[in-house]
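Here the structure is laid out as structure tokens; the discussion comes afterwards.
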Amino acid sequence: MKKIYLFLLAAAATISSCEGPAGPPGPAGFSSEAIVYETAPIDFNAPSFGMFFTFPTAALASDHVLAYRLVGSDNGADVWKLLPEQFFFTDGTFDFAYNYDFTRFDVNFFLDGQELQTLSPDFTQNQIFRVVIVPGTFANRTDFTDYDATVRALGLESKPVVKLK
């Protein structure tokens with residue numbers, strides 16, 4: 001039995017110490033960078049009450065796409081709210097929401113609700129949105145509600161915001 005162990009140990013040492021020429025390089029891997037896009041002011045009008053934007057660069061299938069709406073400012077700093085953002089009548093029933101859907105290639109912002117044509121222009125005109133592409137490696141971070149915290153966590157605070165057309 002000892003001879004078998006010694007033989008296996010010697011064989012393992014011999015095999016692990018062998019060197020040969022380097023193999024061919026593997027295929028290039030995918031890399032995903034976090035990025036922030038911003039829309040020009042959007043006017044939500046009938047009949048679609050929506051606006052469609054194409055990303056300059058496609059996101060990876062593993063990336064997450066988050067959208068935020070500019071809701072105002074506080075001491076000169078922009079305030080962003082994570083979508084979907086829902087609004088309710090004073091009796092508590094659903095009125096409308098800012099919402100979005102996306103693919104790896106594009107994002108579509110739209111109003112969702114009833115009688116959207118009766119909304120005040122404050123809700124339908126000059127709306128600005130930001131889209132944050134979050135690499136899949138950040139999937140364990142579950143609270144994306146705070147735009148500023150999300151941007152800091154992704155190291156994007158000093159990177160330029162890319163305008164969507």
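Here's how to read the names in the structure tokens: chain A, B, ... by the order shown, residue numbers from 1 in each chain, ligand numbers from 1 in the order shown.
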**Q.** Spatial neighbours of stretch 150-154 of chain A, max dist 12 Å, only C-alpha atoms, sep filter under 6 positions, as a VMD selection string
**A.** chain A and resid 32 to 37 66 to 68 80 to 82 130 to 139 141 to 144 160 to 161
As a compact mmCIF listing (two decimals) with all heavy atoms, in the first residue's frame, please: all residues of chain A that backbone DSSP puts in strand (DSSP E or B).
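So part_30.txt came out as:
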# COMPACT_ATOMS: atom_id res chain seq x y z
N ILE A 35 -22.88 52.92 -16.28
CA ILE A 35 -22.96 54.17 -17.04
C ILE A 35 -24.29 54.85 -16.71
O ILE A 35 -25.26 54.17 -16.36
CB ILE A 35 -22.82 53.92 -18.56
CG1 ILE A 35 -22.64 55.22 -19.30
CG2 ILE A 35 -23.97 53.10 -19.09
CD1 ILE A 35 -22.13 55.05 -20.72
N VAL A 36 -24.30 56.17 -16.82
CA VAL A 36 -25.53 56.94 -16.60
C VAL A 36 -25.88 57.65 -17.89
O VAL A 36 -25.04 58.33 -18.49
CB VAL A 36 -25.36 57.97 -15.46
CG1 VAL A 36 -26.63 58.79 -15.31
CG2 VAL A 36 -25.01 57.29 -14.16
N TYR A 37 -27.13 57.50 -18.31
CA TYR A 37 -27.67 58.22 -19.46
C TYR A 37 -28.72 59.20 -18.95
O TYR A 37 -29.38 58.95 -17.94
CB TYR A 37 -28.35 57.27 -20.45
CG TYR A 37 -27.44 56.26 -21.09
CD1 TYR A 37 -27.57 54.90 -20.81
CD2 TYR A 37 -26.46 56.64 -21.99
CE1 TYR A 37 -26.75 53.96 -21.40
CE2 TYR A 37 -25.63 55.70 -22.59
CZ TYR A 37 -25.78 54.37 -22.30
OH TYR A 37 -24.97 53.45 -22.89
N GLU A 38 -28.89 60.31 -19.68
CA GLU A 38 -29.93 61.27 -19.32
C GLU A 38 -30.70 61.66 -20.57
O GLU A 38 -30.11 61.83 -21.64
CB GLU A 38 -29.32 62.52 -18.68
CG GLU A 38 -30.37 63.53 -18.22
CD GLU A 38 -29.76 64.69 -17.46
OE1 GLU A 38 -29.22 64.45 -16.36
OE2 GLU A 38 -29.80 65.82 -17.97
N ILE A 42 -38.72 65.44 -21.80
CA ILE A 42 -39.74 64.67 -22.51
C ILE A 42 -41.11 65.30 -22.29
O ILE A 42 -41.45 65.67 -21.16
CB ILE A 42 -39.78 63.21 -21.99
CG1 ILE A 42 -38.47 62.49 -22.28
CG2 ILE A 42 -40.96 62.45 -22.59
CD1 ILE A 42 -38.40 61.12 -21.66
N GLY A 50 -45.72 58.30 -24.33
CA GLY A 50 -44.45 57.62 -24.13
C GLY A 50 -43.35 58.19 -24.99
O GLY A 50 -43.60 58.96 -25.92
N MET A 51 -42.11 57.79 -24.69
CA MET A 51 -40.94 58.22 -25.46
C MET A 51 -39.91 57.10 -25.41
O MET A 51 -39.63 56.53 -24.36
CB MET A 51 -40.36 59.49 -24.87
CG MET A 51 -39.23 60.09 -25.67
SD MET A 51 -39.67 60.69 -27.31
CE MET A 51 -40.69 62.08 -26.92
N PHE A 52 -39.34 56.81 -26.56
CA PHE A 52 -38.45 55.67 -26.77
C PHE A 52 -37.04 56.19 -27.04
O PHE A 52 -36.85 57.12 -27.81
CB PHE A 52 -38.98 54.88 -27.97
CG PHE A 52 -38.22 53.66 -28.31
CD1 PHE A 52 -38.47 52.46 -27.67
CD2 PHE A 52 -37.24 53.69 -29.29
CE1 PHE A 52 -37.77 51.31 -28.01
CE2 PHE A 52 -36.55 52.55 -29.64
CZ PHE A 52 -36.81 51.37 -28.99
N PHE A 53 -36.01 55.58 -26.38
CA PHE A 53 -34.62 55.96 -26.59
C PHE A 53 -33.78 54.71 -26.82
O PHE A 53 -33.99 53.69 -26.17
CB PHE A 53 -34.06 56.68 -25.36
CG PHE A 53 -34.71 58.00 -25.09
CD1 PHE A 53 -35.81 58.08 -24.24
CD2 PHE A 53 -34.23 59.16 -25.67
CE1 PHE A 53 -36.41 59.30 -24.00
CE2 PHE A 53 -34.83 60.38 -25.43
CZ PHE A 53 -35.92 60.46 -24.58
N THR A 54 -32.81 54.82 -27.72
CA THR A 54 -31.88 53.72 -28.00
C THR A 54 -30.56 54.02 -27.29
O THR A 54 -30.06 55.14 -27.35
CB THR A 54 -31.63 53.60 -29.52
OG1 THR A 54 -32.89 53.35 -30.15
CG2 THR A 54 -30.68 52.46 -29.82
N HIS A 64 -28.32 45.29 -15.20
CA HIS A 64 -29.61 45.78 -14.71
C HIS A 64 -29.80 47.19 -15.24
O HIS A 64 -28.85 47.95 -15.34
CB HIS A 64 -29.64 45.81 -13.18
CG HIS A 64 -29.33 44.49 -12.57
ND1 HIS A 64 -30.27 43.50 -12.41
CD2 HIS A 64 -28.16 43.97 -12.11
CE1 HIS A 64 -29.70 42.44 -11.85
NE2 HIS A 64 -28.42 42.70 -11.67
N VAL A 65 -31.03 47.54 -15.56
CA VAL A 65 -31.34 48.87 -16.08
C VAL A 65 -32.29 49.54 -15.10
O VAL A 65 -33.41 49.06 -14.89
CB VAL A 65 -31.96 48.79 -17.50
CG1 VAL A 65 -32.32 50.17 -18.00
CG2 VAL A 65 -31.00 48.10 -18.46
N LEU A 66 -31.83 50.63 -14.52
CA LEU A 66 -32.64 51.39 -13.57
C LEU A 66 -32.99 52.73 -14.17
O LEU A 66 -32.20 53.30 -14.92
CB LEU A 66 -31.87 51.62 -12.26
CG LEU A 66 -31.35 50.37 -11.55
CD1 LEU A 66 -30.47 50.78 -10.38
CD2 LEU A 66 -32.51 49.53 -11.07
N ALA A 67 -34.16 53.26 -13.84
CA ALA A 67 -34.57 54.57 -14.35
C ALA A 67 -35.03 55.44 -13.19
O ALA A 67 -35.68 54.96 -12.25
CB ALA A 67 -35.68 54.41 -15.37
N TYR A 68 -34.69 56.72 -13.27
CA TYR A 68 -35.03 57.71 -12.26
C TYR A 68 -35.63 58.93 -12.95
O TYR A 68 -35.24 59.28 -14.06
CB TYR A 68 -33.78 58.16 -11.49
CG TYR A 68 -33.08 57.05 -10.73
CD1 TYR A 68 -32.17 56.22 -11.37
CD2 TYR A 68 -33.33 56.85 -9.38
CE1 TYR A 68 -31.53 55.21 -10.68
CE2 TYR A 68 -32.68 55.84 -8.69
CZ TYR A 68 -31.78 55.02 -9.35
OH TYR A 68 -31.15 54.03 -8.65
N ARG A 69 -36.56 59.61 -12.27
CA ARG A 69 -37.16 60.84 -12.77
C ARG A 69 -36.70 62.00 -11.91
O ARG A 69 -36.64 61.90 -10.68
CB ARG A 69 -38.68 60.76 -12.74
CG ARG A 69 -39.38 61.98 -13.35
CD ARG A 69 -40.88 61.83 -13.35
NE ARG A 69 -41.45 62.04 -12.04
CZ ARG A 69 -41.86 63.23 -11.58
NH1 ARG A 69 -41.78 64.31 -12.32
NH2 ARG A 69 -42.38 63.32 -10.37
N LEU A 70 -36.36 63.12 -12.57
CA LEU A 70 -35.99 64.33 -11.85
C LEU A 70 -37.26 64.93 -11.25
O LEU A 70 -38.17 65.31 -11.99
CB LEU A 70 -35.32 65.34 -12.79
CG LEU A 70 -34.87 66.65 -12.19
CD1 LEU A 70 -33.81 66.44 -11.11
CD2 LEU A 70 -34.33 67.57 -13.27
N VAL A 71 -37.33 64.98 -9.91
CA VAL A 71 -38.55 65.46 -9.26
C VAL A 71 -38.40 66.86 -8.68
O VAL A 71 -39.37 67.44 -8.23
CB VAL A 71 -39.02 64.49 -8.15
CG1 VAL A 71 -39.40 63.15 -8.74
CG2 VAL A 71 -37.98 64.33 -7.06
N GLY A 72 -37.20 67.42 -8.70
CA GLY A 72 -36.99 68.76 -8.18
C GLY A 72 -35.55 68.93 -7.75
O GLY A 72 -34.66 68.21 -8.19
N SER A 73 -35.35 69.93 -6.88
CA SER A 73 -34.01 70.16 -6.35
C SER A 73 -34.12 70.51 -4.87
O SER A 73 -35.15 70.98 -4.40
CB SER A 73 -33.30 71.26 -7.13
OG SER A 73 -33.97 72.48 -6.96
N ASP A 74 -33.03 70.26 -4.17
CA ASP A 74 -32.96 70.55 -2.75
C ASP A 74 -31.61 71.23 -2.49
O ASP A 74 -30.57 70.59 -2.65
CB ASP A 74 -33.08 69.25 -1.94
CG ASP A 74 -33.08 69.49 -0.44
OD1 ASP A 74 -33.42 70.61 -0.01
OD2 ASP A 74 -32.73 68.55 0.30
N ALA A 77 -29.19 70.83 -5.33
CA ALA A 77 -28.88 69.46 -5.76
C ALA A 77 -30.13 68.82 -6.36
O ALA A 77 -31.22 68.93 -5.80
CB ALA A 77 -28.39 68.63 -4.59
N ASP A 78 -29.96 68.15 -7.51
CA ASP A 78 -31.08 67.46 -8.14
C ASP A 78 -31.59 66.33 -7.24
O ASP A 78 -30.81 65.65 -6.57
CB ASP A 78 -30.66 66.86 -9.48
CG ASP A 78 -30.41 67.93 -10.54
OD1 ASP A 78 -30.88 69.06 -10.36
OD2 ASP A 78 -29.73 67.61 -11.53
N VAL A 79 -32.91 66.13 -7.27
CA VAL A 79 -33.54 65.03 -6.53
C VAL A 79 -34.14 64.08 -7.57
O VAL A 79 -34.96 64.49 -8.39
CB VAL A 79 -34.63 65.55 -5.57
CG1 VAL A 79 -35.32 64.39 -4.88
CG2 VAL A 79 -34.04 66.53 -4.57
N TRP A 80 -33.72 62.82 -7.52
CA TRP A 80 -34.16 61.79 -8.47
C TRP A 80 -34.96 60.73 -7.75
O TRP A 80 -34.62 60.33 -6.66
CB TRP A 80 -32.94 61.15 -9.14
CG TRP A 80 -32.11 62.12 -9.90
CD1 TRP A 80 -31.02 62.81 -9.44
CD2 TRP A 80 -32.29 62.52 -11.24
NE1 TRP A 80 -30.53 63.62 -10.42
CE2 TRP A 80 -31.29 63.46 -11.55
CE3 TRP A 80 -33.22 62.19 -12.23
CZ2 TRP A 80 -31.18 64.06 -12.80
CZ3 TRP A 80 -33.10 62.79 -13.48
CH2 TRP A 80 -32.10 63.71 -13.75
N LYS A 81 -36.04 60.28 -8.39
CA LYS A 81 -36.91 59.25 -7.81
C LYS A 81 -36.90 58.02 -8.71
O LYS A 81 -37.07 58.11 -9.93
CB LYS A 81 -38.32 59.80 -7.68
CG LYS A 81 -39.29 58.86 -7.05
CD LYS A 81 -39.80 59.39 -5.76
CE LYS A 81 -40.66 58.36 -5.11
NZ LYS A 81 -41.66 58.87 -4.29
N LEU A 82 -36.71 56.84 -8.10
CA LEU A 82 -36.68 55.57 -8.83
C LEU A 82 -38.05 55.25 -9.42
O LEU A 82 -39.08 55.42 -8.76
CB LEU A 82 -36.24 54.45 -7.87
CG LEU A 82 -36.09 53.05 -8.46
CD1 LEU A 82 -34.96 53.00 -9.48
CD2 LEU A 82 -35.82 52.05 -7.33
N GLU A 85 -42.91 55.26 -10.47
CA GLU A 85 -43.35 56.25 -9.48
C GLU A 85 -44.85 56.41 -9.63
O GLU A 85 -45.34 56.82 -10.67
CB GLU A 85 -42.63 57.58 -9.73
CG GLU A 85 -42.99 58.65 -8.75
CD GLU A 85 -42.33 59.98 -9.08
OE1 GLU A 85 -41.73 60.13 -10.17
OE2 GLU A 85 -42.44 60.88 -8.24
N GLN A 86 -45.59 56.06 -8.59
CA GLN A 86 -47.04 56.03 -8.68
C GLN A 86 -47.67 57.22 -7.96
O GLN A 86 -47.17 57.67 -6.93
CB GLN A 86 -47.57 54.74 -8.07
CG GLN A 86 -47.07 53.52 -8.81
CD GLN A 86 -47.51 52.22 -8.17
OE1 GLN A 86 -47.85 52.18 -7.00
NE2 GLN A 86 -47.50 51.16 -8.96
N PHE A 87 -48.77 57.69 -8.51
CA PHE A 87 -49.54 58.78 -7.93
C PHE A 87 -50.97 58.29 -7.72
O PHE A 87 -51.51 57.54 -8.53
CB PHE A 87 -49.53 60.00 -8.86
CG PHE A 87 -48.18 60.64 -8.95
CD1 PHE A 87 -47.22 60.13 -9.81
CD2 PHE A 87 -47.86 61.73 -8.17
CE1 PHE A 87 -45.96 60.70 -9.90
CE2 PHE A 87 -46.60 62.32 -8.25
CZ PHE A 87 -45.66 61.81 -9.12
N PHE A 88 -51.59 58.74 -6.64
CA PHE A 88 -52.92 58.28 -6.26
C PHE A 88 -53.86 59.46 -6.06
O PHE A 88 -53.44 60.55 -5.67
CB PHE A 88 -52.86 57.45 -4.97
CG PHE A 88 -52.05 56.20 -5.11
CD1 PHE A 88 -50.68 56.19 -4.86
CD2 PHE A 88 -52.65 55.02 -5.53
CE1 PHE A 88 -49.93 55.04 -5.01
CE2 PHE A 88 -51.91 53.86 -5.68
CZ PHE A 88 -50.55 53.87 -5.42
N PHE A 94 -55.67 54.41 -7.46
CA PHE A 94 -54.59 54.65 -8.41
C PHE A 94 -55.00 55.67 -9.45
O PHE A 94 -56.10 55.61 -10.00
CB PHE A 94 -54.22 53.32 -9.09
CG PHE A 94 -53.16 53.45 -10.16
CD1 PHE A 94 -51.84 53.71 -9.82
CD2 PHE A 94 -53.48 53.31 -11.49
CE1 PHE A 94 -50.87 53.82 -10.79
CE2 PHE A 94 -52.51 53.42 -12.46
CZ PHE A 94 -51.20 53.68 -12.12
N ASP A 95 -54.12 56.62 -9.72
CA ASP A 95 -54.37 57.62 -10.75
C ASP A 95 -53.46 57.35 -11.95
O ASP A 95 -53.92 56.96 -13.00
CB ASP A 95 -54.13 59.02 -10.19
CG ASP A 95 -54.54 60.11 -11.17
OD1 ASP A 95 -55.19 59.81 -12.18
OD2 ASP A 95 -54.20 61.27 -10.92
N PHE A 96 -52.15 57.51 -11.77
CA PHE A 96 -51.23 57.25 -12.87
C PHE A 96 -49.84 56.98 -12.32
O PHE A 96 -49.58 57.16 -11.13
CB PHE A 96 -51.19 58.43 -13.87
CG PHE A 96 -50.36 59.59 -13.43
CD1 PHE A 96 -49.06 59.75 -13.90
CD2 PHE A 96 -50.85 60.51 -12.53
CE1 PHE A 96 -48.27 60.81 -13.49
CE2 PHE A 96 -50.07 61.59 -12.12
CZ PHE A 96 -48.78 61.73 -12.59
N ALA A 97 -48.95 56.56 -13.22
CA ALA A 97 -47.56 56.28 -12.82
C ALA A 97 -46.63 56.62 -13.97
O ALA A 97 -46.99 56.51 -15.14
CB ALA A 97 -47.40 54.81 -12.44
N TYR A 98 -45.42 57.04 -13.61
CA TYR A 98 -44.32 57.10 -14.56
C TYR A 98 -43.72 55.69 -14.53
O TYR A 98 -43.45 55.15 -13.47
CB TYR A 98 -43.25 58.10 -14.14
CG TYR A 98 -43.71 59.53 -14.16
CD1 TYR A 98 -44.11 60.16 -12.99
CD2 TYR A 98 -43.74 60.26 -15.34
CE1 TYR A 98 -44.52 61.48 -12.99
CE2 TYR A 98 -44.16 61.58 -15.36
CZ TYR A 98 -44.55 62.19 -14.18
OH TYR A 98 -44.97 63.48 -14.20
N ASN A 99 -43.52 55.13 -15.71
CA ASN A 99 -43.00 53.77 -15.76
C ASN A 99 -42.05 53.65 -16.94
O ASN A 99 -41.92 54.58 -17.74
CB ASN A 99 -44.14 52.76 -15.87
CG ASN A 99 -43.81 51.44 -15.22
OD1 ASN A 99 -42.65 51.10 -15.02
ND2 ASN A 99 -44.84 50.67 -14.88
N TYR A 100 -41.42 52.50 -17.04
CA TYR A 100 -40.50 52.26 -18.16
C TYR A 100 -40.38 50.77 -18.41
O TYR A 100 -40.67 49.96 -17.55
CB TYR A 100 -39.12 52.87 -17.87
CG TYR A 100 -38.29 52.12 -16.84
CD1 TYR A 100 -37.15 51.42 -17.22
CD2 TYR A 100 -38.62 52.13 -15.49
CE1 TYR A 100 -36.37 50.74 -16.28
CE2 TYR A 100 -37.85 51.47 -14.55
CZ TYR A 100 -36.72 50.78 -14.95
OH TYR A 100 -35.96 50.11 -14.03
N ASP A 101 -39.98 50.45 -19.62
CA ASP A 101 -39.56 49.09 -19.93
C ASP A 101 -38.29 49.21 -20.76
O ASP A 101 -37.95 50.29 -21.25
CB ASP A 101 -40.66 48.28 -20.62
CG ASP A 101 -41.14 48.86 -21.92
OD1 ASP A 101 -40.36 49.52 -22.64
OD2 ASP A 101 -42.31 48.65 -22.27
N PHE A 102 -37.58 48.11 -20.89
CA PHE A 102 -36.27 48.20 -21.53
C PHE A 102 -35.87 46.86 -22.12
O PHE A 102 -36.42 45.82 -21.78
CB PHE A 102 -35.21 48.65 -20.52
CG PHE A 102 -35.03 47.68 -19.38
CD1 PHE A 102 -34.11 46.65 -19.46
CD2 PHE A 102 -35.80 47.79 -18.22
CE1 PHE A 102 -33.95 45.74 -18.41
CE2 PHE A 102 -35.65 46.90 -17.18
CZ PHE A 102 -34.72 45.86 -17.28
N ASP A 106 -32.44 49.42 -25.62
CA ASP A 106 -33.25 50.63 -25.57
C ASP A 106 -34.07 50.72 -24.28
O ASP A 106 -34.14 49.77 -23.51
CB ASP A 106 -34.20 50.69 -26.77
CG ASP A 106 -35.03 49.42 -26.90
OD1 ASP A 106 -35.69 49.03 -25.93
OD2 ASP A 106 -35.03 48.82 -27.99
N VAL A 107 -34.67 51.89 -24.09
CA VAL A 107 -35.55 52.11 -22.96
C VAL A 107 -36.76 52.90 -23.45
O VAL A 107 -36.64 53.74 -24.35
CB VAL A 107 -34.83 52.85 -21.80
CG1 VAL A 107 -34.36 54.24 -22.23
CG2 VAL A 107 -35.69 52.93 -20.56
N ASN A 108 -37.92 52.60 -22.89
CA ASN A 108 -39.16 53.28 -23.25
C ASN A 108 -39.78 53.83 -21.97
O ASN A 108 -40.10 53.07 -21.05
CB ASN A 108 -40.12 52.29 -23.92
CG ASN A 108 -41.43 52.92 -24.30
OD1 ASN A 108 -41.48 54.07 -24.72
ND2 ASN A 108 -42.51 52.18 -24.15
N PHE A 109 -39.94 55.16 -21.91
CA PHE A 109 -40.59 55.80 -20.77
C PHE A 109 -42.04 56.06 -21.15
O PHE A 109 -42.33 56.48 -22.28
CB PHE A 109 -39.92 57.14 -20.43
CG PHE A 109 -38.51 56.98 -19.96
CD1 PHE A 109 -37.45 57.21 -20.80
CD2 PHE A 109 -38.25 56.59 -18.65
CE1 PHE A 109 -36.15 57.06 -20.37
CE2 PHE A 109 -36.95 56.44 -18.21
CZ PHE A 109 -35.90 56.67 -19.07
N PHE A 110 -42.96 55.84 -20.20
CA PHE A 110 -44.36 56.06 -20.52
C PHE A 110 -45.16 56.35 -19.26
O PHE A 110 -44.75 56.03 -18.15
CB PHE A 110 -44.96 54.87 -21.27
CG PHE A 110 -44.86 53.56 -20.53
CD1 PHE A 110 -45.89 53.12 -19.71
CD2 PHE A 110 -43.72 52.76 -20.64
CE1 PHE A 110 -45.80 51.91 -19.03
CE2 PHE A 110 -43.62 51.56 -19.98
CZ PHE A 110 -44.66 51.13 -19.16
N LEU A 111 -46.31 57.00 -19.47
CA LEU A 111 -47.27 57.20 -18.40
C LEU A 111 -48.25 56.05 -18.44
O LEU A 111 -48.69 55.63 -19.52
CB LEU A 111 -48.02 58.52 -18.58
CG LEU A 111 -47.19 59.79 -18.43
CD1 LEU A 111 -48.06 61.02 -18.67
CD2 LEU A 111 -46.57 59.86 -17.05
N ASP A 112 -48.62 55.56 -17.28
CA ASP A 112 -49.51 54.42 -17.16
C ASP A 112 -50.67 54.84 -16.28
O ASP A 112 -50.45 55.31 -15.16
CB ASP A 112 -48.75 53.25 -16.53
CG ASP A 112 -49.51 51.95 -16.55
OD1 ASP A 112 -50.50 51.84 -17.29
OD2 ASP A 112 -49.09 51.04 -15.81
N GLY A 113 -51.90 54.73 -16.76
CA GLY A 113 -53.04 55.09 -15.94
C GLY A 113 -54.26 55.38 -16.78
O GLY A 113 -54.30 55.09 -17.98
N GLN A 127 -40.31 66.50 -18.65
CA GLN A 127 -39.86 65.51 -17.69
C GLN A 127 -38.47 65.00 -18.09
O GLN A 127 -38.24 64.68 -19.25
CB GLN A 127 -40.84 64.34 -17.60
CG GLN A 127 -42.24 64.75 -17.19
CD GLN A 127 -42.28 65.38 -15.81
OE1 GLN A 127 -41.72 64.85 -14.86
NE2 GLN A 127 -42.93 66.53 -15.71
N PHE A 129 -35.31 62.23 -17.32
CA PHE A 129 -35.05 60.92 -16.73
C PHE A 129 -33.57 60.58 -16.84
O PHE A 129 -32.88 61.03 -17.76
CB PHE A 129 -35.86 59.83 -17.44
CG PHE A 129 -37.35 60.02 -17.30
CD1 PHE A 129 -38.05 60.80 -18.21
CD2 PHE A 129 -38.04 59.44 -16.25
CE1 PHE A 129 -39.41 60.98 -18.08
CE2 PHE A 129 -39.40 59.61 -16.11
CZ PHE A 129 -40.09 60.39 -17.02
N ARG A 130 -33.10 59.78 -15.92
CA ARG A 130 -31.77 59.20 -15.98
C ARG A 130 -31.89 57.69 -15.95
O ARG A 130 -32.72 57.14 -15.24
CB ARG A 130 -30.89 59.67 -14.82
CG ARG A 130 -30.39 61.08 -15.04
CD ARG A 130 -29.18 61.39 -14.25
NE ARG A 130 -28.67 62.69 -14.64
CZ ARG A 130 -27.84 63.41 -13.91
NH1 ARG A 130 -27.41 62.94 -12.75
NH2 ARG A 130 -27.41 64.58 -14.33
N VAL A 131 -31.04 57.04 -16.73
CA VAL A 131 -30.98 55.59 -16.79
C VAL A 131 -29.60 55.19 -16.29
O VAL A 131 -28.59 55.72 -16.75
CB VAL A 131 -31.18 55.08 -18.23
CG1 VAL A 131 -30.99 53.58 -18.31
CG2 VAL A 131 -32.54 55.48 -18.75
N VAL A 132 -29.56 54.28 -15.34
CA VAL A 132 -28.28 53.78 -14.82
C VAL A 132 -28.17 52.31 -15.23
O VAL A 132 -29.03 51.50 -14.90
CB VAL A 132 -28.19 53.91 -13.29
CG1 VAL A 132 -26.86 53.38 -12.78
CG2 VAL A 132 -28.39 55.37 -12.86
N ILE A 133 -27.11 52.00 -15.98
CA ILE A 133 -26.81 50.61 -16.34
C ILE A 133 -25.92 50.07 -15.23
O ILE A 133 -24.82 50.57 -15.00
CB ILE A 133 -26.10 50.51 -17.70
CG1 ILE A 133 -26.89 51.22 -18.80
CG2 ILE A 133 -25.82 49.05 -18.05
CD1 ILE A 133 -28.24 50.63 -19.10
N VAL A 134 -26.42 49.08 -14.53
CA VAL A 134 -25.71 48.49 -13.39
C VAL A 134 -25.19 47.12 -13.80
O VAL A 134 -25.97 46.25 -14.17
CB VAL A 134 -26.65 48.34 -12.17
CG1 VAL A 134 -25.92 47.73 -10.99
CG2 VAL A 134 -27.26 49.69 -11.79
N VAL A 162 -24.14 60.62 -20.06
CA VAL A 162 -24.28 60.56 -21.51
C VAL A 162 -25.71 60.92 -21.88
O VAL A 162 -26.66 60.38 -21.31
CB VAL A 162 -23.93 59.14 -22.03
CG1 VAL A 162 -24.11 59.05 -23.53
CG2 VAL A 162 -22.51 58.77 -21.62
N LYS A 163 -25.87 61.84 -22.82
CA LYS A 163 -27.20 62.28 -23.24
C LYS A 163 -27.79 61.27 -24.24
O LYS A 163 -27.11 60.84 -25.18
CB LYS A 163 -27.15 63.65 -23.91
CG LYS A 163 -26.65 64.75 -22.99
CD LYS A 163 -27.64 65.05 -21.89
CE LYS A 163 -27.15 66.19 -21.04
NZ LYS A 163 -28.03 66.48 -19.95
Q: Taking the DSSP assignment computed from this structure's backbone, write out as a ChimeraX atom specification all residues of stretch 86-161 of chain A that belong to alpha helix (DSSP H).
A: /A:121-124,147-153
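Computed from the coordinates, the atom CA of A:Ala149 to atom CA of A:Thr124 distance equals 27.5 Å.
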